Protein chains: 2
Amino acid sequence: MSTLDRRDIDILFAIAETNSFSTETIHEATDIPKSTVHYRIQSLKDEGVVENDLFELDRERIGLAITVISEVWAEYGEGYHEEIGTKLSAIEGVNQVYFTMGDTDFVVIARLTSRDMVERLVEDYESIDEIRRTSSKFAITTIKEDVGVSVLRNYEPETLLAAQGISEESVSEE
Amino acid sequence: MSTLDRRDIDILFAIAETNSFSTETIHEATDIPKSTVHYRIQSLKDEGVVENDLFELDRERIGLAITVISEVWAEYGEGYHEEIGTKLSAIEGVNQVYFTMGDTDFVVIARLTSRDMVERLVEDYESIDEIRRTSSKFAITTIKEDVGVSVLRNYEPETLLAAQGISEESVSEE
DNA sequence: ATTGAAACTTGATCGTT
DNA sequence: AACGATCAAGTTTCAAT
């Protein structure tokens with residue numbers, strides 16, 4: 001259960017930025033020798049920081065222990081939601097932004113390291129002119145978080161197969 | 001912009017289930033020849049269904065065009081939130097479940113293929129005894145969704161480096 | 001823990017059906 | 001589009017530091 005050092009972090013960032021985790025690519029992006037990149041990634045996997053070959057992370061180990069879910073109400077003209085959404089997206093720690101219909105305008109999910117960072121998040125919300133009101137709650141536990149390809153774990157193949165028929169073609173009368 | 005057939009779906013499911021996308025592993029899991037697995041995965045990438053080497057998916061193309069965000073209120077004794085959370089997690093299409101503090105008990109995010117599936121989701125909520133009330137809204141657009149390793153894209157390396165110091169060791173006085 | 005170079009495994013290519 | 005055989009490329013190992 002050792003801590004991550006700058007090199008681990010650099011490697012993980014390089015993976016996220018290059019969208020690749022080939023030892024070759026990460027070597028080129030970081031100037032860390034291939035064999036060391038390999039060794040470090042292996043260690044991260046052994047220790048469980050990287051949870052599988054799909055590079056899902058143990059967020060706690062990365063230091064992102066706090067999850068904040070915010071509802072955001074904004075005032076905006078035609079087409080401005082894109083712009084406000086982009087501003088929300090740019091706040092450090094924000095990793096999901098949904099533009100919603102109904103009583104709320106945006107739902108934002110952020111992963112943060114500390115109380116300080118939570119305060120900063122709220123300040124950053126308030127610094128956006130168009131934003132009228134926000135309401136945030138903490139997630140005590142993330143019970144489930146399937147993302148990327150792994151979302152598929154919770155569907156029947158038939159459900160998605162059926163969706164293909166519906167989305168592209170008219171109803172076929174086989 | 002062709003549709004996905006059963007083979008594409010089988011390959012994607014195999015990736016999600018085995019947590020791996022080596023042609024070798026997928027070949028073993030599906031009995032589809034290596035070169036065909038390779039060919040199909042390449043096609044999925046070329047067409048943008050698979051968006052990068054981290055296997056982030058274009059959810060629209062997979063048929064999961066609808067995003068529903070639900071707040072769920074429940075009645076439960078000590079330690080029962082785990083159980084209810086598990087029930088929520090098991091509903092087809094649910095891919096994020098947060099147990100929250102404050103006015104709501106759970107926040108659930110589901111990705112669905114059709115209106116029918118939305119109705120089914122709500123019915124499934126209601127079929128859970130402990131659940132008192134739910135409130136769902138649709139996301140019109142997913143403006144940002146960084147998940148897995150890619151969450152790192154929105155942090156300064158220093159932020160996470162600092163978090164390491166805090167989480168594991170006492171303050172060092174270098 | 002780090003590294004360069006060697007050994008090997010795998011993914012990518014090619015030509016055929 | 002599917003596939004088996006071939007080859008290039010990248011990954012993993014190894015021994016030294």
# chains A, B, ... in the order shown; residues from 1 in each chain; ligands from 1
$ interface_residues --of "chain D" --to "chain B" --cutoff "12 Å" --atoms "only C-alpha atoms (C1' of nucleotides)" --output "PyMOL selection string"
chain D and resi 1-5
$ write_last_selection --atoms "C-alpha atoms (C1' of nucleotides)" --output "mmCIF file, in the first residue's frame"
data_model
loop_
_atom_site.group_PDB
_atom_site.id
_atom_site.type_symbol
_atom_site.label_atom_id
_atom_site.label_comp_id
_atom_site.auth_asym_id
_atom_site.auth_seq_id
_atom_site.Cartn_x
_atom_site.Cartn_y
_atom_site.Cartn_z
ATOM 1 C "C1'" DA D 1 -16.256 -10.169 -44.844
ATOM 2 C "C1'" DA D 2 -13.767 -14.285 -43.058
ATOM 3 C "C1'" DC D 3 -9.784 -16.708 -42.247
ATOM 4 C "C1'" DG D 4 -4.992 -19.295 -41.757
ATOM 5 C "C1'" DA D 5 -0.269 -18.544 -42.319
#
$ residues_around --residues "Val97 in chain B" --least-positions-apart "5" --cutoff "9 Å" --atoms "only C-alpha atoms (C1' of nucleotides)" --output "PyMOL selection string"
(chain A and resi 141-145) or (chain B and resi 85-86+88-89+106-110)
$ residues_around --residues "DT13 in chain D" --least-positions-apart "4" --cutoff "10 Å" --atoms "only C-alpha atoms (C1' of nucleotides)" --output "ChimeraX atom specification"
/A:35 /C:6-8
$ residues_around --residues "range 50-61 of chain A" --least-positions-apart "4" --cutoff "6 Å" --atoms "only C-alpha atoms (C1' of nucleotides)" --output "list in words"
Leu44, Lys45 and Ala65 of chain A; Asn19, Ser20, Gly148 and Val149 of chain B
$ atom_distance --atom1 "CA of Tyr155 in chain A" --atom2 "CA of Ile91 in chain B"
8.9 Å
$ calpha_fit_rmsd --fixed "chain B" --moving "chain A"
0.1 Å
$ atom_distance --atom1 "CA of Leu112 in chain B" --atom2 "CA of Ile84 in chain B"
20.9 Å
$ interface_residues --of "chain B" --to "chain C" --cutoff "9 Å" --atoms "only C-alpha atoms (C1' of nucleotides)" --output "list in words"
Ser22, Thr23, Glu24, Ser35 and His38 of chain B
$ closest_residue --among "B:Tyr98, B:Asp103, B:Glu158, B:Thr18" --to "chain A" --atoms "only C-alpha atoms"
B:Tyr98
$ select_by_dssp --residues "range 41-132 of chain A" --states "helix (DSSP H, G or I)" --output "JSON, numbers by chain"
{"A": [41, 42, 43, 44, 45, 46, 59, 60, 61, 62, 80, 81, 82, 83, 84, 85, 86, 87, 88, 89, 90, 115, 116, 117, 118, 119, 120, 121, 122, 123, 124, 125, 126]}
$ residues_around --residues "range 67-75 of chain A" --least-positions-apart "5" --cutoff "8 Å" --atoms "only C-alpha atoms (C1' of nucleotides)" --output "MDAnalysis selection string"
chainID A and resid 104:112 118 130:140
